[in-house]
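> Let me give you the structure first, and then I'll get to my questions.
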Amino acid sequence: MASLSHDLNFLPRLPVDVQLASCRVIAKINDIQPNYIIYCAMAASRSQLSVEVLSSSTSILSLESINSSENILRTTVDLEKLLVSTAAVEVSYDCGKCVCEGVYYSILDYLPQFQPSIKCIFVHVPMLNEENLIGIIADLIIKHLALF
């Protein structure tokens, strides 16, 4: 497993406003030119890390729209390869229909147009507790991104 000798940059406490948060994230992307973006948000209702596959420009995703390319953007990261040796990480198709999804959509929309070499994933992080902490630490996705 590769070591974590990479520089990590954080953008904590984004505003609870899609447009303001998206602008801050995109400005930071342009400023630091990262290799990867791991966009994270707290998801108190989840028990393990959830990596989001896609985001919609609308607030509701129906089963039909998941199979349609209309208003749907998907991460370009090979999640199957990324998560191959993880045990406590799930793949999700539900960003939460709020600020989380709006910001993820903005990032996925921006990158191919202006920063096509930068890859992005969105991870919902559960409340950490005794039951899930060890598994989450063991499955740190950051370590896996270093292998790409």
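In the structure tokens, each chain is lettered A, B, ... as it comes, each chain's residues begin at 1, and ligands are numbered from 1 in order of appearance.
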Would you list the contacts of range 111-113 of chain A as a ChimeraX atom specification, taking every protein, DNA or RNA residue within 10 Å and counting only C-alpha atoms, but skipping same-chain residues closer than 6 positions in sequence?

/A:26,29,76,119-120

> Skipping near chain neighbours, those fewer than 2 positions away, what residues fall within 12 Å of range 19-21 of chain A using only C-alpha atoms, listed as number ranges by chain?

A: 11-17, 23-28, 39, 98-107

> Could you name the residues that touch range 80-96 of chain A at 6 Å or less, counting only C-alpha atoms, but leaving out those on the same chain fewer than 4 positions away, as a list in words?

Gln48, Leu49, Ser50, Val51, Glu52, Val53, Glu101, Gly135, Asp139 and His144 of chain A
